[in-house]
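> To be precise about what I am sending: the file is called target02.cif and holds mmCIF, C-alpha atoms.
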data_start
#
loop_
_atom_site.label_atom_id
_atom_site.label_comp_id
_atom_site.auth_asym_id
_atom_site.auth_seq_id
_atom_site.Cartn_x
_atom_site.Cartn_y
_atom_site.Cartn_z
CA SER A 1 -65.12 8.41 -51.08
CA GLN A 2 -66.80 10.05 -48.14
CA GLN A 3 -70.41 9.13 -47.52
CA GLY A 4 -71.24 11.28 -44.54
CA GLU A 5 -71.19 15.03 -44.76
CA GLU A 6 -71.20 16.97 -41.53
CA ASP A 7 -72.63 20.43 -41.31
CA PRO A 8 -71.44 22.95 -40.33
CA GLN A 9 -67.72 22.45 -40.98
CA ALA A 10 -66.92 24.66 -38.01
CA LEU A 11 -68.94 25.90 -35.04
CA SER A 12 -67.94 28.33 -32.31
CA ILE A 13 -70.13 28.81 -29.23
CA GLN A 14 -69.94 29.99 -25.63
CA GLU A 15 -69.83 27.68 -22.65
CA GLY A 16 -73.31 26.75 -21.51
CA GLU A 17 -74.85 27.02 -24.97
CA ASN A 18 -76.11 24.06 -26.95
CA ALA A 19 -74.27 22.80 -30.02
CA THR A 20 -76.02 21.07 -32.90
CA MET A 21 -74.21 19.24 -35.67
CA ASN A 22 -75.81 17.57 -38.65
CA CYS A 23 -74.81 14.65 -40.82
CA SER A 24 -76.16 13.51 -44.15
CA TYR A 25 -75.38 10.23 -45.87
CA LYS A 26 -76.12 8.59 -49.20
CA THR A 27 -76.80 4.86 -48.93
CA SER A 28 -78.96 2.70 -46.70
CA ILE A 29 -77.47 1.92 -43.33
CA ASN A 30 -77.83 -0.46 -40.40
CA ASN A 31 -76.50 2.04 -37.90
CA LEU A 32 -74.85 5.43 -37.55
CA GLN A 33 -72.19 6.33 -35.01
CA TRP A 34 -70.86 9.62 -33.71
CA TYR A 35 -67.26 10.08 -32.64
CA ARG A 36 -65.20 12.85 -31.04
CA GLN A 37 -61.56 13.54 -31.84
CA ASN A 38 -59.30 15.85 -29.89
CA SER A 39 -56.39 17.49 -31.74
CA GLY A 40 -55.65 14.70 -34.23
CA ARG A 41 -55.67 11.96 -31.62
CA GLY A 42 -57.76 8.79 -31.50
CA LEU A 43 -61.51 8.76 -32.02
CA VAL A 44 -63.73 8.45 -28.96
CA HIS A 45 -66.99 6.57 -29.53
CA LEU A 46 -69.92 8.69 -28.37
CA ILE A 47 -73.10 6.95 -29.41
CA LEU A 48 -74.51 4.40 -31.86
CA ILE A 49 -78.02 4.68 -33.21
CA ARG A 50 -79.60 1.86 -35.19
CA SER A 51 -81.65 2.38 -38.31
CA ASN A 52 -84.87 1.43 -36.51
CA GLU A 53 -84.28 4.02 -33.79
CA ARG A 54 -85.27 7.67 -34.11
CA GLU A 55 -83.67 9.21 -31.05
CA LYS A 56 -81.11 8.26 -28.46
CA HIS A 57 -79.72 9.98 -25.38
CA SER A 58 -76.46 9.62 -23.50
CA GLY A 59 -75.75 12.15 -20.76
CA ARG A 60 -75.63 15.58 -22.41
CA LEU A 61 -75.79 14.05 -25.88
CA ARG A 62 -78.93 13.62 -27.96
CA VAL A 63 -78.82 11.98 -31.36
CA THR A 64 -81.63 11.80 -33.86
CA LEU A 65 -81.85 9.76 -37.03
CA ASP A 66 -84.18 10.31 -39.97
CA THR A 67 -83.66 7.47 -42.43
CA SER A 68 -86.18 8.92 -44.90
CA LYS A 69 -84.01 12.02 -45.22
CA LYS A 70 -80.76 10.10 -44.70
CA SER A 71 -79.71 12.50 -41.99
CA SER A 72 -78.74 12.59 -38.34
CA SER A 73 -78.10 15.29 -35.80
CA LEU A 74 -75.98 15.42 -32.66
CA LEU A 75 -76.99 17.86 -29.93
CA ILE A 76 -74.63 18.63 -27.08
CA THR A 77 -76.44 20.47 -24.30
CA ALA A 78 -74.85 22.86 -21.79
CA SER A 79 -71.52 22.73 -23.60
CA ARG A 80 -68.20 22.95 -21.77
CA ALA A 81 -64.75 24.05 -22.88
CA ALA A 82 -63.72 20.38 -22.71
CA ASP A 83 -66.20 19.62 -25.51
CA THR A 84 -63.89 21.46 -27.92
CA ALA A 85 -63.02 18.84 -30.53
CA SER A 86 -63.88 17.59 -34.01
CA TYR A 87 -67.02 15.51 -34.29
CA PHE A 88 -67.54 12.87 -36.96
CA CYS A 89 -70.48 10.80 -38.00
CA ALA A 90 -69.79 7.38 -39.44
CA THR A 91 -72.13 5.04 -41.24
CA ASP A 92 -71.92 1.41 -42.15
CA GLN A 93 -73.16 0.44 -45.58
CA GLY A 94 -76.12 -1.87 -45.21
CA GLY A 95 -74.58 -4.63 -43.13
CA SER A 96 -70.94 -4.00 -43.82
CA GLU A 97 -68.83 -3.21 -40.76
CA LYS A 98 -66.76 -0.83 -42.88
CA LEU A 99 -67.33 2.67 -41.54
CA VAL A 100 -67.57 5.63 -43.88
CA PHE A 101 -66.78 9.00 -42.30
CA GLY A 102 -67.47 12.57 -43.24
CA LYS A 103 -64.95 15.38 -42.88
CA GLY A 104 -66.23 16.33 -39.46
CA THR A 105 -67.43 19.41 -37.62
CA LYS A 106 -64.84 21.35 -35.68
CA LEU A 107 -66.50 22.60 -32.48
CA THR A 108 -64.92 25.33 -30.37
CA VAL A 109 -66.46 26.08 -26.98
CA ASN A 110 -65.23 29.37 -25.59
CA PRO A 111 -64.99 29.72 -21.79
CA ASP B 112 -60.32 -3.32 -19.03
CA ALA B 113 -57.74 -2.06 -21.53
CA GLY B 114 -59.05 -0.34 -24.59
CA VAL B 115 -57.53 -0.51 -28.03
CA THR B 116 -53.79 0.06 -27.99
CA GLN B 117 -51.48 0.93 -30.86
CA SER B 118 -47.74 1.13 -31.29
CA PRO B 119 -45.68 3.05 -31.97
CA THR B 120 -47.18 6.47 -31.22
CA HIS B 121 -45.09 8.29 -33.77
CA LEU B 122 -42.89 7.13 -36.62
CA ILE B 123 -40.70 8.89 -39.16
CA LYS B 124 -39.66 7.09 -42.33
CA THR B 125 -38.20 8.04 -45.69
CA ARG B 126 -39.67 7.41 -49.11
CA GLY B 127 -39.30 3.83 -50.31
CA GLN B 128 -39.00 2.34 -46.85
CA GLN B 129 -41.38 -0.15 -45.30
CA VAL B 130 -43.29 0.25 -42.04
CA THR B 131 -45.21 -2.03 -39.66
CA LEU B 132 -47.83 -0.70 -37.27
CA ARG B 133 -49.36 -2.75 -34.48
CA CYS B 134 -52.74 -2.90 -32.79
CA SER B 135 -54.17 -4.78 -29.83
CA PRO B 136 -57.96 -4.85 -29.75
CA LYS B 137 -60.23 -4.16 -26.81
CA SER B 138 -60.65 -7.23 -24.62
CA GLY B 139 -63.22 -9.60 -26.08
CA HIS B 140 -63.26 -7.99 -29.53
CA ASP B 141 -62.49 -10.26 -32.47
CA THR B 142 -62.59 -7.87 -35.41
CA VAL B 143 -59.93 -5.29 -36.25
CA SER B 144 -60.23 -2.53 -38.83
CA TRP B 145 -57.57 -0.10 -40.01
CA TYR B 146 -58.16 3.47 -41.16
CA GLN B 147 -55.98 6.21 -42.60
CA GLN B 148 -56.70 9.81 -41.64
CA ALA B 149 -55.01 12.57 -43.60
CA LEU B 150 -54.79 16.02 -42.05
CA GLY B 151 -58.14 17.79 -42.03
CA GLN B 152 -60.03 14.76 -43.36
CA GLY B 153 -62.17 12.01 -41.90
CA PRO B 154 -60.73 8.52 -41.56
CA GLN B 155 -60.66 6.34 -44.68
CA PHE B 156 -61.19 2.58 -44.39
CA ILE B 157 -58.17 0.49 -45.38
CA PHE B 158 -59.24 -3.08 -44.50
CA GLN B 159 -60.79 -5.27 -41.84
CA TYR B 160 -59.64 -8.56 -40.33
CA TYR B 161 -61.77 -11.25 -38.76
CA GLU B 162 -60.67 -14.78 -37.85
CA GLU B 163 -57.21 -14.01 -39.24
CA GLU B 164 -58.61 -13.29 -42.71
CA GLU B 165 -59.02 -10.02 -44.57
CA ARG B 166 -62.79 -9.64 -44.72
CA GLN B 167 -63.16 -6.31 -46.48
CA ARG B 168 -60.84 -3.90 -48.21
CA GLY B 169 -61.12 -0.24 -49.07
CA ASN B 170 -59.65 1.57 -52.03
CA PHE B 171 -55.99 1.23 -51.10
CA PRO B 172 -53.17 -0.23 -53.23
CA ASP B 173 -51.52 -3.58 -52.58
CA ARG B 174 -48.65 -1.77 -50.88
CA PHE B 175 -50.96 -1.83 -47.86
CA SER B 176 -51.22 -5.27 -46.32
CA GLY B 177 -52.15 -6.65 -42.96
CA HIS B 178 -52.29 -9.59 -40.68
CA GLN B 179 -54.34 -10.75 -37.73
CA PHE B 180 -52.95 -13.11 -35.13
CA PRO B 181 -54.78 -15.83 -33.16
CA ASN B 182 -55.03 -13.48 -30.16
CA TYR B 183 -56.88 -11.02 -32.46
CA SER B 184 -54.06 -8.46 -32.49
CA SER B 185 -53.19 -7.07 -35.88
CA GLU B 186 -50.46 -5.48 -37.95
CA LEU B 187 -50.61 -3.04 -40.82
CA ASN B 188 -47.70 -3.09 -43.26
CA VAL B 189 -47.01 -0.44 -45.85
CA ASN B 190 -44.30 -1.01 -48.47
CA ALA B 191 -42.53 1.45 -50.73
CA LEU B 192 -43.65 4.44 -48.71
CA LEU B 193 -44.73 7.59 -50.51
CA LEU B 194 -44.92 11.13 -49.18
CA GLY B 195 -48.71 10.85 -49.45
CA ASP B 196 -48.75 8.00 -46.94
CA SER B 197 -48.07 10.53 -44.19
CA ALA B 198 -51.15 10.35 -41.99
CA LEU B 199 -52.62 9.20 -38.70
CA TYR B 200 -53.27 5.46 -38.85
CA LEU B 201 -56.12 4.33 -36.66
CA CYS B 202 -57.02 0.85 -35.55
CA ALA B 203 -60.53 -0.01 -34.41
CA SER B 204 -61.88 -3.15 -32.81
CA SER B 205 -65.41 -4.43 -32.59
CA LEU B 206 -67.59 -7.39 -31.68
CA GLY B 207 -70.52 -7.02 -34.02
CA GLY B 208 -71.41 -3.56 -32.78
CA GLY B 209 -69.81 -0.17 -32.40
CA GLN B 210 -66.19 0.22 -33.37
CA TYR B 211 -63.76 1.45 -30.72
CA PHE B 212 -60.63 3.25 -31.84
CA GLY B 213 -57.11 3.32 -30.52
CA PRO B 214 -55.04 6.50 -30.13
CA GLY B 215 -53.45 6.09 -33.55
CA THR B 216 -49.94 6.05 -34.98
CA ARG B 217 -48.71 9.26 -36.57
CA LEU B 218 -46.60 8.33 -39.60
CA THR B 219 -44.44 10.96 -41.28
CA VAL B 220 -42.78 10.11 -44.57
CA LEU B 221 -39.89 12.38 -45.58
#
Represent the structure of the file as C-alpha coordinates.


Amino acid sequence: SQQGEEDPQALSIQEGENATMNCSYKTSINNLQWYRQNSGRGLVHLILIRSNEREKHSGRLRVTLDTSKKSSSLLITASRAADTASYFCATDQGGSEKLVFGKGTKLTVNP
Amino acid sequence: DAGVTQSPTHLIKTRGQQVTLRCSPKSGHDTVSWYQQALGQGPQFIFQYYEEEERQRGNFPDRFSGHQFPNYSSELNVNALLLGDSALYLCASSLGGGQYFGPGTRLTVL
(Lines of atoms letter the chains of each structure in order from A and count residues from 1; the text may use other names and numbers.)
(Lines give C-alpha, C1' and ligand atoms only; values in the text may rest on other atoms or scores of the structure.)
Protein backbone atom coordinates (compact mmCIF):
# COMPACT_ATOMS: atom_id res chain seq x y z
CA SER A 1 0.00 0.00 0.00
CA GLN A 2 1.13 3.54 -0.63
CA GLN A 3 2.05 5.58 2.41
CA GLY A 4 2.92 8.90 0.85
CA GLU A 5 0.35 10.93 -0.98
CA GLU A 6 1.57 13.75 -3.17
CA ASP A 7 -0.54 16.77 -3.86
CA PRO A 8 -1.35 17.99 -6.43
CA GLN A 9 -1.38 15.04 -8.82
CA ALA A 10 -0.49 17.37 -11.68
CA LEU A 11 0.90 20.90 -11.85
CA SER A 12 1.47 23.10 -14.88
CA ILE A 13 3.43 26.35 -14.58
CA GLN A 14 5.44 28.79 -16.68
CA GLU A 15 9.21 28.93 -16.74
CA GLY A 16 10.55 31.16 -14.00
CA GLU A 17 7.66 30.48 -11.63
CA ASN A 18 8.00 28.52 -8.41
CA ALA A 19 6.53 25.04 -8.05
CA THR A 20 5.36 23.64 -4.73
CA MET A 21 4.48 20.00 -4.18
CA ASN A 22 3.22 18.48 -0.97
CA CYS A 23 3.46 15.03 0.53
CA SER A 24 1.59 13.48 3.42
CA TYR A 25 2.41 10.20 5.11
CA LYS A 26 0.88 7.97 7.76
CA THR A 27 3.46 6.37 10.06
CA SER A 28 6.47 7.63 11.97
CA ILE A 29 9.61 7.99 9.93
CA ASN A 30 13.37 8.36 10.28
CA ASN A 31 13.73 10.27 7.05
CA LEU A 32 11.89 11.39 3.94
CA GLN A 33 13.36 11.57 0.46
CA TRP A 34 12.29 13.33 -2.71
CA TYR A 35 12.96 11.89 -6.16
CA ARG A 36 12.49 13.05 -9.75
CA GLN A 37 11.58 10.75 -12.63
CA ASN A 38 11.68 11.69 -16.28
CA SER A 39 9.32 9.87 -18.66
CA GLY A 40 9.24 6.49 -16.90
CA ARG A 41 12.99 6.26 -16.51
CA GLY A 42 15.04 5.79 -13.34
CA LEU A 43 14.51 7.85 -10.21
CA VAL A 44 16.97 10.65 -9.48
CA HIS A 45 17.61 11.30 -5.79
CA LEU A 46 17.02 14.98 -5.01
CA ILE A 47 17.21 15.41 -1.27
CA LEU A 48 16.91 13.54 2.03
CA ILE A 49 15.57 15.20 5.15
CA ARG A 50 15.79 13.52 8.54
CA SER A 51 12.98 13.49 11.05
CA ASN A 52 14.85 15.89 13.35
CA GLU A 53 15.29 18.44 10.56
CA ARG A 54 12.66 21.01 9.63
CA GLU A 55 14.08 22.49 6.46
CA LYS A 56 16.78 21.68 3.96
CA HIS A 57 18.09 23.42 0.85
CA SER A 58 19.88 22.14 -2.22
CA GLY A 59 20.39 24.59 -5.07
CA ARG A 60 16.93 25.65 -6.27
CA LEU A 61 15.24 23.06 -4.06
CA ARG A 62 13.81 23.70 -0.61
CA VAL A 63 12.26 20.90 1.41
CA THR A 64 10.35 21.27 4.64
CA LEU A 65 9.22 18.57 7.02
CA ASP A 66 6.53 18.81 9.68
CA THR A 67 6.49 15.56 11.63
CA SER A 68 3.57 16.70 13.80
CA LYS A 69 1.41 16.98 10.68
CA LYS A 70 3.17 14.10 8.92
CA SER A 71 3.75 16.24 5.87
CA SER A 72 6.53 17.58 3.69
CA SER A 73 6.77 20.07 0.87
CA LEU A 74 9.17 20.45 -2.03
CA LEU A 75 9.65 23.92 -3.49
CA ILE A 76 11.44 24.37 -6.81
CA THR A 77 12.31 28.01 -7.37
CA ALA A 78 12.77 29.72 -10.75
CA SER A 79 11.59 26.62 -12.59
CA ARG A 80 12.99 25.61 -15.98
CA ALA A 81 11.57 23.51 -18.79
CA ALA A 82 14.10 20.83 -17.83
CA ASP A 83 12.34 20.48 -14.46
CA THR A 84 9.40 18.86 -16.26
CA ALA A 85 9.12 15.43 -14.63
CA SER A 86 7.23 13.43 -12.03
CA TYR A 87 8.22 14.04 -8.43
CA PHE A 88 7.85 11.45 -5.69
CA CYS A 89 8.26 11.55 -1.97
CA ALA A 90 9.39 8.38 -0.25
CA THR A 91 9.42 7.55 3.41
CA ASP A 92 11.06 4.83 5.41
CA GLN A 93 9.01 3.26 8.16
CA GLY A 94 10.65 3.97 11.48
CA GLY A 95 14.08 2.48 10.88
CA SER A 96 13.29 0.21 7.99
CA GLU A 97 15.21 0.93 4.79
CA LYS A 98 12.14 -0.08 2.80
CA LEU A 99 10.90 3.01 0.98
CA VAL A 100 7.20 3.66 0.57
CA PHE A 101 6.27 5.95 -2.33
CA GLY A 102 3.24 7.97 -3.22
CA LYS A 103 1.81 8.21 -6.72
CA GLY A 104 3.77 11.34 -7.50
CA THR A 105 3.15 14.84 -8.80
CA LYS A 106 3.50 15.35 -12.52
CA LEU A 107 5.08 18.78 -13.07
CA THR A 108 5.01 20.48 -16.46
CA VAL A 109 7.06 23.64 -16.92
CA ASN A 110 6.06 25.50 -20.06
CA PRO A 111 8.75 27.53 -21.85
CA ASP B 1 32.26 6.83 -10.02
CA ALA B 2 29.64 4.66 -11.71
CA GLY B 3 26.14 4.89 -10.38
CA VAL B 4 23.67 2.05 -10.17
CA THR B 5 23.49 0.06 -13.39
CA GLN B 6 20.82 -2.38 -14.54
CA SER B 7 20.51 -4.82 -17.39
CA PRO B 8 18.84 -5.35 -19.69
CA THR B 9 17.17 -2.04 -20.52
CA HIS B 10 14.13 -3.62 -22.09
CA LEU B 11 12.77 -7.14 -22.14
CA ILE B 12 9.78 -8.82 -23.77
CA LYS B 13 8.56 -12.16 -22.48
CA THR B 14 5.43 -14.27 -22.81
CA ARG B 15 3.16 -15.49 -20.06
CA GLY B 16 4.55 -18.43 -18.10
CA GLN B 17 8.17 -17.68 -18.91
CA GLN B 18 10.86 -16.83 -16.39
CA VAL B 19 13.03 -13.71 -16.34
CA THR B 20 16.23 -12.59 -14.60
CA LEU B 21 17.11 -8.94 -14.13
CA ARG B 22 20.50 -7.73 -12.97
CA CYS B 23 21.76 -4.82 -10.91
CA SER B 24 25.18 -3.48 -9.98
CA PRO B 25 25.12 -1.10 -7.02
CA LYS B 26 26.85 2.25 -6.71
CA SER B 27 30.48 1.87 -5.68
CA GLY B 28 30.78 1.34 -1.94
CA HIS B 29 27.10 0.51 -1.41
CA ASP B 30 26.33 -2.82 0.24
CA THR B 31 22.54 -2.91 0.24
CA VAL B 32 20.36 -3.50 -2.80
CA SER B 33 16.60 -3.05 -2.98
CA TRP B 34 14.23 -3.91 -5.81
CA TYR B 35 11.04 -2.06 -6.70
CA GLN B 36 8.27 -2.60 -9.22
CA GLN B 37 6.67 0.45 -10.83
CA ALA B 38 3.46 -0.02 -12.79
CA LEU B 39 2.44 2.65 -15.27
CA GLY B 40 1.18 5.78 -13.55
CA GLN B 41 2.04 4.52 -10.06
CA GLY B 42 4.83 5.02 -7.58
CA PRO B 43 7.39 2.27 -7.08
CA GLN B 44 6.41 -0.67 -4.86
CA PHE B 45 9.02 -2.36 -2.68
CA ILE B 46 9.72 -5.99 -3.61
CA PHE B 47 12.64 -6.94 -1.33
CA GLN B 48 16.02 -5.86 -0.03
CA TYR B 49 19.34 -7.70 0.15
CA TYR B 50 22.18 -7.12 2.56
CA GLU B 51 25.19 -9.38 3.13
CA GLU B 52 23.77 -11.83 0.58
CA GLU B 53 20.60 -12.34 2.62
CA GLU B 54 17.05 -11.14 2.01
CA ARG B 55 16.55 -8.64 4.81
CA GLN B 56 13.04 -7.38 4.10
CA ARG B 57 10.26 -8.34 1.74
CA GLY B 58 7.25 -6.48 0.46
CA ASN B 59 3.88 -7.89 -0.47
CA PHE B 60 4.95 -9.90 -3.51
CA PRO B 61 4.37 -13.62 -4.16
CA ASP B 62 7.08 -16.26 -4.02
CA ARG B 63 7.34 -16.12 -7.81
CA PHE B 64 9.60 -13.14 -7.12
CA SER B 65 12.97 -14.18 -5.79
CA GLY B 66 16.39 -12.65 -5.64
CA HIS B 67 20.02 -13.08 -4.92
CA GLN B 68 22.95 -10.95 -3.86
CA PHE B 69 26.51 -11.84 -4.75
CA PRO B 70 29.69 -11.25 -2.71
CA ASN B 71 30.46 -8.17 -4.83
CA TYR B 72 27.05 -6.77 -3.75
CA SER B 73 25.50 -7.06 -7.22
CA SER B 74 22.05 -8.56 -7.31
CA GLU B 75 19.55 -10.43 -9.44
CA LEU B 76 15.78 -10.41 -9.46
CA ASN B 77 14.06 -13.53 -10.77
CA VAL B 78 10.40 -13.77 -11.65
CA ASN B 79 8.87 -17.16 -12.48
CA ALA B 80 5.63 -18.01 -14.23
CA LEU B 81 5.22 -14.52 -15.62
CA LEU B 82 1.77 -12.95 -15.68
CA LEU B 83 0.51 -10.08 -17.80
CA GLY B 84 0.33 -8.01 -14.61
CA ASP B 85 4.08 -8.34 -14.11
CA SER B 86 4.59 -5.86 -16.95
CA ALA B 87 6.27 -2.89 -15.29
CA LEU B 88 9.46 -0.93 -14.82
CA TYR B 89 11.73 -2.77 -12.38
CA LEU B 90 14.02 -0.51 -10.43
CA CYS B 91 17.06 -1.39 -8.41
CA ALA B 92 18.35 0.90 -5.67
CA SER B 93 21.54 0.75 -3.66
CA SER B 94 22.39 2.33 -0.35
CA LEU B 95 24.90 2.44 2.48
CA GLY B 96 22.75 3.28 5.47
CA GLY B 97 21.45 6.50 3.96
CA GLY B 98 19.63 7.66 0.87
CA GLN B 99 18.77 5.11 -1.78
CA TYR B 100 20.11 5.69 -5.29
CA PHE B 101 18.22 4.19 -8.20
CA GLY B 102 19.32 2.71 -11.48
CA PRO B 103 17.66 3.47 -14.83
CA GLY B 104 15.37 0.46 -14.57
CA THR B 105 14.45 -2.51 -16.74
CA ARG B 106 11.21 -2.24 -18.69
CA LEU B 107 9.57 -5.68 -18.73
CA THR B 108 6.69 -6.37 -21.09
CA VAL B 109 4.78 -9.61 -20.71
CA LEU B 110 2.66 -10.63 -23.71

> If we count all atoms listed in the file, what is near region 188-190 of chain B at a cut-off of 7 Å, once residues fewer than 6 positions away on the same chain are taken out, given as a list in words?

Gln128, Gln129, Val130, Thr131, Leu132, Arg174, Phe175, Ser176 and Gly177 of chain B

> Go ahead and write the residues just picked, C-alpha atoms, as a JSON list (two decimals), in the coordinates of the input.


[["chain", "number", "residue", "atom", "x", "y", "z"],
["B", 128, "GLN", "CA", -39.00, 2.34, -46.85],
["B", 129, "GLN", "CA", -41.38, -0.15, -45.30],
["B", 130, "VAL", "CA", -43.29, 0.25, -42.04],
["B", 131, "THR", "CA", -45.21, -2.03, -39.66],
["B", 132, "LEU", "CA", -47.83, -0.70, -37.27],
["B", 174, "ARG", "CA", -48.65, -1.77, -50.88],
["B", 175, "PHE", "CA", -50.96, -1.83, -47.86],
["B", 176, "SER", "CA", -51.22, -5.27, -46.32],
["B", 177, "GLY", "CA", -52.15, -6.65, -42.96]]

> Evaluate the PyMOL selection byres ((chain A and resi 65-82) around 9) here and jot the selected residues down as a PyMOL selection string.

chain A and resi 4+13-29+32+34+49-56+60-64+83-85+89+108-111

> For C-alpha atoms, I'd like the residues from the last selection saved as a PDB file, in the frame of the given file.


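Listed below is the output, result09.pdb:
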ATOM      1  CA  GLY A   4     -71.240  11.280 -44.540  1.00  0.00           C
ATOM      2  CA  ILE A  13     -70.130  28.810 -29.230  1.00  0.00           C
ATOM      3  CA  GLN A  14     -69.940  29.990 -25.630  1.00  0.00           C
ATOM      4  CA  GLU A  15     -69.830  27.680 -22.650  1.00  0.00           C
ATOM      5  CA  GLY A  16     -73.310  26.750 -21.510  1.00  0.00           C
ATOM      6  CA  GLU A  17     -74.850  27.020 -24.970  1.00  0.00           C
ATOM      7  CA  ASN A  18     -76.110  24.060 -26.950  1.00  0.00           C
ATOM      8  CA  ALA A  19     -74.270  22.800 -30.020  1.00  0.00           C
ATOM      9  CA  THR A  20     -76.020  21.070 -32.900  1.00  0.00           C
ATOM     10  CA  MET A  21     -74.210  19.240 -35.670  1.00  0.00           C
ATOM     11  CA  ASN A  22     -75.810  17.570 -38.650  1.00  0.00           C
ATOM     12  CA  CYS A  23     -74.810  14.650 -40.820  1.00  0.00           C
ATOM     13  CA  SER A  24     -76.160  13.510 -44.150  1.00  0.00           C
ATOM     14  CA  TYR A  25     -75.380  10.230 -45.870  1.00  0.00           C
ATOM     15  CA  LYS A  26     -76.120   8.590 -49.200  1.00  0.00           C
ATOM     16  CA  THR A  27     -76.800   4.860 -48.930  1.00  0.00           C
ATOM     17  CA  SER A  28     -78.960   2.700 -46.700  1.00  0.00           C
ATOM     18  CA  ILE A  29     -77.470   1.920 -43.330  1.00  0.00           C
ATOM     19  CA  LEU A  32     -74.850   5.430 -37.550  1.00  0.00           C
ATOM     20  CA  TRP A  34     -70.860   9.620 -33.710  1.00  0.00           C
ATOM     21  CA  ILE A  49     -78.020   4.680 -33.210  1.00  0.00           C
ATOM     22  CA  ARG A  50     -79.600   1.860 -35.190  1.00  0.00           C
ATOM     23  CA  SER A  51     -81.650   2.380 -38.310  1.00  0.00           C
ATOM     24  CA  ASN A  52     -84.870   1.430 -36.510  1.00  0.00           C
ATOM     25  CA  GLU A  53     -84.280   4.020 -33.790  1.00  0.00           C
ATOM     26  CA  ARG A  54     -85.270   7.670 -34.110  1.00  0.00           C
ATOM     27  CA  GLU A  55     -83.670   9.210 -31.050  1.00  0.00           C
ATOM     28  CA  LYS A  56     -81.110   8.260 -28.460  1.00  0.00           C
ATOM     29  CA  ARG A  60     -75.630  15.580 -22.410  1.00  0.00           C
ATOM     30  CA  LEU A  61     -75.790  14.050 -25.880  1.00  0.00           C
ATOM     31  CA  ARG A  62     -78.930  13.620 -27.960  1.00  0.00           C
ATOM     32  CA  VAL A  63     -78.820  11.980 -31.360  1.00  0.00           C
ATOM     33  CA  THR A  64     -81.630  11.800 -33.860  1.00  0.00           C
ATOM     34  CA  ASP A  83     -66.200  19.620 -25.510  1.00  0.00           C
ATOM     35  CA  THR A  84     -63.890  21.460 -27.920  1.00  0.00           C
ATOM     36  CA  ALA A  85     -63.020  18.840 -30.530  1.00  0.00           C
ATOM     37  CA  CYS A  89     -70.480  10.800 -38.000  1.00  0.00           C
ATOM     38  CA  THR A 108     -64.920  25.330 -30.370  1.00  0.00           C
ATOM     39  CA  VAL A 109     -66.460  26.080 -26.980  1.00  0.00           C
ATOM     40  CA  ASN A 110     -65.230  29.370 -25.590  1.00  0.00           C
ATOM     41  CA  PRO A 111     -64.990  29.720 -21.790  1.00  0.00           C
TER      42      PRO A 111
END

> Show me, as a list in words, every residue of chain A with an atom at most 8 Å from chain B, counting all atoms listed in the file.

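The complete set of qualifying residues is Gln2, Gln33, Gly40, Arg41, Gly42, Leu43, Val44, His45, Leu48, Phe88, Glu97, Lys98, Leu99, Val100, Phe101, Gly102, Lys103 and Gly104 of chain A.
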
> State, in Å with one decimal place, the distance from CA of Leu193 (chain B) to CA of His178 (chain B).

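It comes out at 21.2 Å.
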
> Between A:Glu5, A:His57, A:Ser86, A:Thr91, which one has atoms that come closest to Asn30 (chain A), using all atoms listed in the file?

A:Thr91

> Please evaluate the PyMOL selection byres ((chain B and resi 181) around 10) against the structure above and give the resulting residues as a ChimeraX atom specification.

/B:141,162-163,179-180,182-185
